[in-house]
Structure formats: structure tokens, C-alpha cells
>>> print(open('input-v5.cif').read())   # mmCIF, C-alpha atoms
data_protein
loop_
_atom_site.group_PDB
_atom_site.id
_atom_site.type_symbol
_atom_site.label_atom_id
_atom_site.label_comp_id
_atom_site.auth_asym_id
_atom_site.auth_seq_id
_atom_site.Cartn_x
_atom_site.Cartn_y
_atom_site.Cartn_z
ATOM 1 C CA MET A 171 28.341 23.419 -13.435
ATOM 2 C CA SER A 172 27.293 26.598 -11.678
ATOM 3 C CA ILE A 173 27.278 26.910 -7.902
ATOM 4 C CA PHE A 174 23.478 27.325 -8.002
ATOM 5 C CA ALA A 175 22.963 24.135 -10.027
ATOM 6 C CA LYS A 176 25.422 22.243 -7.820
ATOM 7 C CA THR A 177 23.547 23.354 -4.672
ATOM 8 C CA ILE A 178 20.197 22.259 -6.112
ATOM 9 C CA THR A 179 21.652 18.902 -7.137
ATOM 10 C CA GLU A 180 23.222 18.305 -3.711
ATOM 11 C CA GLU A 181 20.038 19.356 -1.922
ATOM 12 C CA SER A 182 17.819 17.058 -3.987
ATOM 13 C CA TYR A 183 20.333 14.217 -3.485
ATOM 14 C CA ARG A 184 20.255 14.715 0.293
ATOM 15 C CA LYS A 185 16.470 14.822 0.301
ATOM 16 C CA ARG A 186 16.286 11.543 -1.614
ATOM 17 C CA LEU A 187 18.735 9.805 0.710
ATOM 18 C CA ASN A 188 17.438 11.102 4.015
ATOM 19 C CA ALA A 189 18.414 8.557 6.679
ATOM 20 C CA LYS A 190 15.289 9.210 8.740
ATOM 21 C CA GLN A 191 13.110 8.594 5.693
ATOM 22 C CA ILE A 192 14.869 5.304 4.953
ATOM 23 C CA ALA A 193 14.667 4.191 8.593
ATOM 24 C CA PHE A 194 10.968 4.995 9.015
ATOM 25 C CA SER A 195 10.120 3.431 5.657
ATOM 26 C CA ALA A 196 12.067 0.273 6.500
ATOM 27 C CA MET A 197 10.290 -0.017 9.852
ATOM 28 C CA ALA A 198 6.890 0.453 8.208
ATOM 29 C CA VAL A 199 7.647 -2.181 5.550
ATOM 30 C CA ALA A 200 8.835 -4.581 8.257
ATOM 31 C CA LEU A 201 5.653 -3.986 10.283
ATOM 32 C CA ALA A 202 3.571 -4.509 7.146
ATOM 33 C CA MET A 203 5.315 -7.820 6.456
ATOM 34 C CA VAL A 204 4.775 -9.060 10.013
ATOM 35 C CA THR A 205 1.144 -7.945 10.175
ATOM 36 C CA SER A 206 0.434 -9.449 6.737
ATOM 37 C CA MET A 207 1.160 -12.818 8.314
ATOM 38 C CA ILE A 208 -1.423 -12.229 11.055
ATOM 39 C CA LYS A 209 -4.573 -13.194 9.193
ATOM 40 C CA MET A 210 -7.954 -12.668 10.796
ATOM 41 C CA PHE A 211 -9.640 -14.323 7.833
ATOM 42 C CA GLU A 212 -8.275 -15.963 4.700
ATOM 43 C CA LEU A 213 -10.141 -16.698 1.488
ATOM 44 C CA PRO A 214 -9.595 -20.058 -0.235
ATOM 45 C CA MET A 215 -8.059 -18.701 -3.451
ATOM 46 C CA GLY A 216 -5.890 -15.974 -1.970
ATOM 47 C CA GLY A 217 -6.608 -12.716 -0.238
ATOM 48 C CA SER A 218 -7.040 -12.180 3.473
ATOM 49 C CA ILE A 219 -8.038 -9.706 6.120
ATOM 50 C CA THR A 220 -4.818 -8.945 7.970
ATOM 51 C CA ALA A 221 -3.860 -7.016 11.074
ATOM 52 C CA PHE A 222 -3.722 -3.638 9.290
ATOM 53 C CA SER A 223 -0.817 -4.545 6.993
ATOM 54 C CA MET A 224 -1.887 -2.133 4.224
ATOM 55 C CA LEU A 225 -1.923 0.763 6.694
ATOM 56 C CA PHE A 226 1.813 0.549 7.326
ATOM 57 C CA ILE A 227 2.596 0.872 3.611
ATOM 58 C CA VAL A 228 0.066 3.679 3.204
ATOM 59 C CA LEU A 229 1.752 5.556 6.051
ATOM 60 C CA ILE A 230 4.991 5.815 4.051
ATOM 61 C CA GLY A 231 3.270 7.748 1.267
ATOM 62 C CA TYR A 232 1.402 9.852 3.822
ATOM 63 C CA TRP A 233 4.648 10.717 5.590
ATOM 64 C CA PHE A 234 6.981 11.287 2.636
ATOM 65 C CA GLY A 235 4.926 11.799 -0.516
ATOM 66 C CA LEU A 236 4.115 9.984 -3.712
ATOM 67 C CA GLY A 237 7.614 9.037 -4.927
ATOM 68 C CA THR A 238 8.733 7.459 -1.688
ATOM 69 C CA GLY A 239 5.316 5.897 -1.150
ATOM 70 C CA LEU A 240 5.321 4.201 -4.543
ATOM 71 C CA THR A 241 8.918 3.036 -4.157
ATOM 72 C CA ALA A 242 8.274 1.496 -0.748
ATOM 73 C CA ALA A 243 4.992 -0.060 -1.874
ATOM 74 C CA VAL A 244 6.640 -1.739 -4.877
ATOM 75 C CA ALA A 245 9.437 -2.965 -2.602
ATOM 76 C CA TYR A 246 6.751 -4.403 -0.318
ATOM 77 C CA GLY A 247 5.226 -6.148 -3.328
ATOM 78 C CA VAL A 248 8.611 -7.708 -4.113
ATOM 79 C CA LEU A 249 8.895 -8.926 -0.520
ATOM 80 C CA GLN A 250 5.390 -10.413 -0.722
ATOM 81 C CA LEU A 251 6.436 -12.193 -3.921
ATOM 82 C CA ILE A 252 9.491 -13.630 -2.179
ATOM 83 C CA VAL A 253 7.727 -14.653 1.046
ATOM 84 C CA ASN A 254 4.357 -15.788 -0.304
ATOM 85 C CA PRO A 255 4.596 -16.331 -4.076
ATOM 86 C CA TYR A 256 1.770 -17.397 -6.343
ATOM 87 C CA VAL A 257 3.075 -17.304 -9.895
ATOM 88 C CA LEU A 258 1.229 -18.186 -13.071
ATOM 89 C CA ASN A 259 3.245 -16.071 -15.505
ATOM 90 C CA VAL A 260 5.202 -12.817 -15.725
ATOM 91 C CA PRO A 261 2.229 -10.526 -16.497
ATOM 92 C CA GLN A 262 0.320 -11.935 -13.511
ATOM 93 C CA VAL A 263 3.312 -11.289 -11.236
ATOM 94 C CA ILE A 264 3.539 -7.708 -12.490
ATOM 95 C CA VAL A 265 -0.163 -7.042 -11.885
ATOM 96 C CA ASP A 266 -0.499 -8.916 -8.572
ATOM 97 C CA TYR A 267 2.736 -7.912 -6.900
ATOM 98 C CA PHE A 268 4.222 -4.801 -8.498
ATOM 99 C CA LEU A 269 1.055 -2.921 -9.472
ATOM 100 C CA ALA A 270 -1.480 -4.074 -6.859
ATOM 101 C CA PHE A 271 0.837 -3.663 -3.879
ATOM 102 C CA GLY A 272 2.529 -0.693 -5.541
ATOM 103 C CA ALA A 273 -0.820 1.097 -5.669
ATOM 104 C CA LEU A 274 -0.694 1.381 -1.880
ATOM 105 C CA GLY A 275 1.903 4.114 -2.435
ATOM 106 C CA LEU A 276 -0.782 6.309 -4.017
ATOM 107 C CA SER A 277 -1.468 7.553 -0.510
ATOM 108 C CA GLY A 278 1.358 10.009 -1.165
ATOM 109 C CA VAL A 279 -1.010 12.061 -3.322
ATOM 110 C CA PHE A 280 -2.515 13.363 -0.064
ATOM 111 C CA HIS A 281 0.817 13.797 1.750
ATOM 112 C CA GLU A 282 0.224 17.438 2.692
ATOM 113 C CA LYS A 283 -3.594 17.541 2.627
ATOM 114 C CA LYS A 284 -6.145 17.890 5.407
ATOM 115 C CA ASN A 285 -7.335 14.406 6.445
ATOM 116 C CA GLY A 286 -4.566 13.142 4.185
ATOM 117 C CA LEU A 287 -4.227 9.767 5.858
ATOM 118 C CA VAL A 288 -7.900 8.873 5.457
ATOM 119 C CA LYS A 289 -8.047 10.155 1.873
ATOM 120 C CA GLY A 290 -4.723 8.534 1.021
ATOM 121 C CA TYR A 291 -5.757 5.225 2.553
ATOM 122 C CA ILE A 292 -8.985 5.158 0.570
ATOM 123 C CA LEU A 293 -7.185 6.000 -2.697
ATOM 124 C CA ALA A 294 -4.483 3.409 -2.022
ATOM 125 C CA VAL A 295 -6.958 0.624 -1.276
ATOM 126 C CA LEU A 296 -9.027 1.537 -4.336
ATOM 127 C CA GLY A 297 -5.844 1.327 -6.420
ATOM 128 C CA ARG A 298 -5.015 -2.070 -5.010
ATOM 129 C CA TYR A 299 -8.632 -3.159 -5.537
ATOM 130 C CA PHE A 300 -8.471 -2.085 -9.187
ATOM 131 C CA PHE A 301 -5.371 -4.177 -9.901
ATOM 132 C CA ALA A 302 -6.558 -7.153 -7.844
ATOM 133 C CA THR A 303 -9.844 -7.101 -9.768
ATOM 134 C CA LEU A 304 -8.002 -6.766 -13.075
ATOM 135 C CA SER A 305 -5.855 -9.756 -12.173
ATOM 136 C CA GLY A 306 -8.933 -11.709 -11.156
ATOM 137 C CA VAL A 307 -10.591 -11.089 -14.504
ATOM 138 C CA ILE A 308 -7.531 -11.738 -16.669
ATOM 139 C CA PHE A 309 -5.751 -14.537 -14.829
ATOM 140 C CA PHE A 310 -8.300 -16.151 -12.514
ATOM 141 C CA GLY A 311 -11.598 -15.640 -14.335
ATOM 142 C CA THR A 312 -11.908 -19.325 -15.148
ATOM 143 C CA TYR A 313 -12.331 -20.053 -11.423
ATOM 144 C CA ALA A 314 -15.521 -17.982 -11.216
ATOM 145 C CA PRO A 315 -18.457 -20.154 -10.084
ATOM 146 C CA ASP A 316 -21.463 -20.606 -12.349
ATOM 147 C CA SER A 317 -23.574 -18.516 -9.978
ATOM 148 C CA PHE A 318 -21.778 -15.353 -11.146
ATOM 149 C CA PRO A 319 -22.742 -13.887 -14.520
ATOM 150 C CA ASN A 320 -19.157 -13.183 -15.563
ATOM 151 C CA PRO A 321 -15.554 -13.104 -14.292
ATOM 152 C CA LEU A 322 -15.688 -9.329 -13.697
ATOM 153 C CA ALA A 323 -18.604 -9.607 -11.275
ATOM 154 C CA TYR A 324 -16.883 -12.477 -9.470
ATOM 155 C CA SER A 325 -13.577 -10.614 -9.235
ATOM 156 C CA LEU A 326 -15.275 -7.443 -7.977
ATOM 157 C CA VAL A 327 -17.083 -9.339 -5.219
ATOM 158 C CA TYR A 328 -14.196 -11.649 -4.313
ATOM 159 C CA ASN A 329 -11.547 -8.933 -4.052
ATOM 160 C CA GLY A 330 -13.940 -6.402 -2.597
ATOM 161 C CA SER A 331 -14.843 -8.752 0.234
ATOM 162 C CA TYR A 332 -11.412 -8.969 1.852
ATOM 163 C CA LEU A 333 -10.015 -5.585 0.784
ATOM 164 C CA GLY A 334 -13.216 -3.789 1.739
ATOM 165 C CA ALA A 335 -13.409 -5.501 5.128
ATOM 166 C CA GLU A 336 -9.814 -4.667 6.021
ATOM 167 C CA ALA A 337 -10.225 -1.111 4.730
ATOM 168 C CA LEU A 338 -13.355 -0.558 6.798
ATOM 169 C CA ILE A 339 -11.739 -1.919 9.972
ATOM 170 C CA THR A 340 -8.624 0.186 9.382
ATOM 171 C CA LEU A 341 -10.585 3.379 8.665
ATOM 172 C CA VAL A 342 -12.520 2.928 11.903
ATOM 173 C CA LEU A 343 -9.224 2.441 13.760
ATOM 174 C CA ILE A 344 -7.469 5.516 12.329
ATOM 175 C CA CYS A 345 -10.531 7.702 13.031
ATOM 176 C CA ILE A 346 -10.443 6.934 16.771
ATOM 177 C CA PRO A 347 -9.193 10.198 18.366
ATOM 178 C CA PRO A 348 -6.308 8.706 20.445
ATOM 179 C CA VAL A 349 -5.084 6.749 17.401
ATOM 180 C CA GLN A 350 -5.343 9.885 15.242
ATOM 181 C CA HIS A 351 -3.380 11.808 17.859
ATOM 182 C CA GLY A 352 -0.660 9.151 17.971
ATOM 183 C CA LEU A 353 -0.384 9.062 14.171
ATOM 184 C CA ASP A 354 -0.164 12.887 14.120
ATOM 185 C CA ILE A 355 2.725 12.747 16.609
ATOM 186 C CA VAL A 356 4.546 10.218 14.427
ATOM 187 C CA LYS A 357 3.962 12.385 11.328
ATOM 188 C CA LYS A 358 5.423 15.425 13.146
ATOM 189 C CA THR A 359 8.414 13.357 14.265
ATOM 190 C CA VAL A 360 8.991 12.149 10.728
ATOM 191 C CA ALA A 361 8.646 15.654 9.293
ATOM 192 C CA ALA A 362 11.033 17.262 11.815
ATOM 193 C CA ASP A 363 14.322 18.370 10.249
ATOM 194 C CA GLU A 364 13.316 17.277 6.743
#
>>> encode(input="input-v5.cif", output="C-alpha cells")
Amino acid sequence: MSIFAKTITEESYRKRLNAKQIAFSAMAVALAMVTSMIKMFELPMGGSITAFSMLFIVLIGYWFGLGTGLTAAVAYGVLQLIVNPYVLNVPQVIVDYFLAFGALGLSGVFHEKKNGLVKGYILAVLGRYFFATLSGVIFFGTYAPDSFPNPLAYSLVYNGSYLGAEALITLVLICIPPVQHGLDIVKKTVAADE
């Protein structure tokens, strides 16, 4: 192995195992878990408006990029499965926990972009909404009331109600100038010495 290749390998290894990145991600996942238990409103068949729990997972992608964001978001999904499981079968677990929560890591697409947190948050919530709706159609469609024309319409409305409400509240919060300023300071702290 050449010295050049060895240097690139060591540098990429160090970047992947950055202690600051692990510490900030772990804190964000922990905050997401705690705030997911603070429910402002809970729907009867699952889903709730929480105290900004999705934001903490979205922040990881915003801080560190897509790879770290997706990894942390899937890990968060696993923790949700352990703490608050609802299991019908393996495909439902994959869609509801790994893919739906994992989609929150899509915020990393806008890691280095202007207004990246807002754009990333919207993309992440839309990703989660897609998988939650898909799960609703495939696995929970039989629970749709007769007043809805089909399971897709029911799933779109049901999942959109709680995800949309939390997203709207969170977007208002992160657009408040002092909150934006505080989040910018944290982003600069995270990015220092990376």
C-alpha cells in the first residue's frame, strides 16, 4: 500500500470515527428519545405530536451529512422499536421503524446548503410521511373507516395529521431568530476542528 493510499485510508477512518460526531449524535438521539415520550397529542392507532423529537434526529444529518444522518436515524428507529414496539410482521417493522424513522436522516442532503436545516427538515418529514403512509396502506388499511374512499386516502390524512402538525410547529420554532441563532452556534461548534 502506498503512503498516499494509506494516508487517505487513515484520514477517512478518522473522519468516520470522530469522537465529537459520536458524542453530538448520541446526545441528539437521547434528546429525541426523551422528547418522543412527551406527547402533546396522541392518536388512537399510533402516531403523536411530540415535543420536537424529529428535530433532534434531523439535526444530526444537518450537522454531519447524509451518511451519519441516516445511520443515526436508523439507530433511533431501532430504539423506538425497543422502547415502544408495535409489531405485526417483519416487513411492517422494516417499513415503520427502519425506513420511516430512517428517512429523518435525509436531512443530510442539505448539510452544507443555505437554509439547510429548514430544507432538510421538510425533506426528512416528507420521507417519514411517505413510509408511514405506505405502512398505513399495506399493513393498516383494513382499519380505515367507511367514510374514507380507500386505505390510501385514510393513510394520507391520518399520518399527515400528526406529522404535519409537528412539522409545522417545529418549522415555526426553528424560524424564530433567537432559535436560529442558537442552532447556528451549535452547528459552528460541531463543525469546528472537523
>>> residues_near_point(input="input-v5.cif", point="(2.6, -14.3, -12.3)", cutoff="12 Å", atoms="only C-alpha atoms", output="ChimeraX atom specification")
/A:251,255-269,305-306,308-310
>>> closest_residue(input="input-v5.cif", among="A:Asn329, A:Asn285, A:Gln350, A:Ser317", to="A:Leu304", atoms="all atoms listed in the file")
A:Asn329
>>> axis_aligned_box(input="input-v5.cif", around="stretch 242-249 of chain A", padding_each_side="4 Å", output="lines of an AutoDock Vina configuration file")
center_x = 7.2
center_y = -3.7
center_z = -2.6
size_x = 12.4
size_y = 18.4
size_z = 12.6
>>> atom_distance(input="input-v5.cif", atom1="atom CA of A:His351", atom2="atom CA of A:Tyr232")
15.0 Å
>>> resolve_selection(input="input-v5.cif", expression="the PyMOL selection byres ((chain A and resi 282) around 12)", output="PDB file with C-alpha atoms, in the coordinates of the input")
ATOM      1  CA  GLY A 231       3.270   7.748   1.267  1.00  0.00           C
ATOM      2  CA  TYR A 232       1.402   9.852   3.822  1.00  0.00           C
ATOM      3  CA  TRP A 233       4.648  10.717   5.590  1.00  0.00           C
ATOM      4  CA  PHE A 234       6.981  11.287   2.636  1.00  0.00           C
ATOM      5  CA  GLY A 235       4.926  11.799  -0.516  1.00  0.00           C
ATOM      6  CA  LEU A 236       4.115   9.984  -3.712  1.00  0.00           C
ATOM      7  CA  SER A 277      -1.468   7.553  -0.510  1.00  0.00           C
ATOM      8  CA  GLY A 278       1.358  10.009  -1.165  1.00  0.00           C
ATOM      9  CA  VAL A 279      -1.010  12.061  -3.322  1.00  0.00           C
ATOM     10  CA  PHE A 280      -2.515  13.363  -0.064  1.00  0.00           C
ATOM     11  CA  HIS A 281       0.817  13.797   1.750  1.00  0.00           C
ATOM     12  CA  LYS A 283      -3.594  17.541   2.627  1.00  0.00           C
ATOM     13  CA  LYS A 284      -6.145  17.890   5.407  1.00  0.00           C
ATOM     14  CA  ASN A 285      -7.335  14.406   6.445  1.00  0.00           C
ATOM     15  CA  GLY A 286      -4.566  13.142   4.185  1.00  0.00           C
ATOM     16  CA  LEU A 287      -4.227   9.767   5.858  1.00  0.00           C
ATOM     17  CA  LYS A 289      -8.047  10.155   1.873  1.00  0.00           C
ATOM     18  CA  GLY A 290      -4.723   8.534   1.021  1.00  0.00           C
ATOM     19  CA  LYS A 357       3.962  12.385  11.328  1.00  0.00           C
ATOM     20  CA  LYS A 358       5.423  15.425  13.146  1.00  0.00           C
ATOM     21  CA  ALA A 361       8.646  15.654   9.293  1.00  0.00           C
TER      22      ALA A 361
END
>>> residues_around(input="input-v5.cif", residues="stretch 192-207 of chain A", least_positions_apart="5", cutoff="10 Å", atoms="all atoms listed in the file", output="PyMOL selection string")
chain A and resi 186-187+218-231+233-234+238-239+241-243+245-247+249-250+253-254+356+360
>>> atom_distance(input="input-v5.cif", atom1="atom CA of A:Leu276", atom2="atom CA of A:Val307")
22.6 Å
>>> atom_distance(input="input-v5.cif", atom1="atom CA of A:Leu296", atom2="atom CA of A:Ser325")
13.9 Å
>>> closest_atom_pairs(input="input-v5.cif", of="stretch 282-317 of chain A", to="stretch 332-346 of chain A", cutoff="9 Å", atoms="all atoms listed in the file", output="JSON lines")
{"residue": "A:Leu287", "atom": "CA", "partner": "A:Ile344", "partner_atom": "CA", "distance": 8.4}
{"residue": "A:Val288", "atom": "CA", "partner": "A:Leu341", "partner_atom": "CA", "distance": 6.9}
{"residue": "A:Tyr291", "atom": "CA", "partner": "A:Leu341", "partner_atom": "CA", "distance": 8.0}
{"residue": "A:Ile292", "atom": "CA", "partner": "A:Ala337", "partner_atom": "CA", "distance": 7.6}
{"residue": "A:Val295", "atom": "CA", "partner": "A:Ala337", "partner_atom": "CA", "distance": 7.1}
{"residue": "A:Leu296", "atom": "CA", "partner": "A:Leu333", "partner_atom": "CA", "distance": 8.8}
{"residue": "A:Arg298", "atom": "CA", "partner": "A:Leu333", "partner_atom": "CA", "distance": 8.4}
{"residue": "A:Tyr299", "atom": "CA", "partner": "A:Leu333", "partner_atom": "CA", "distance": 6.9}
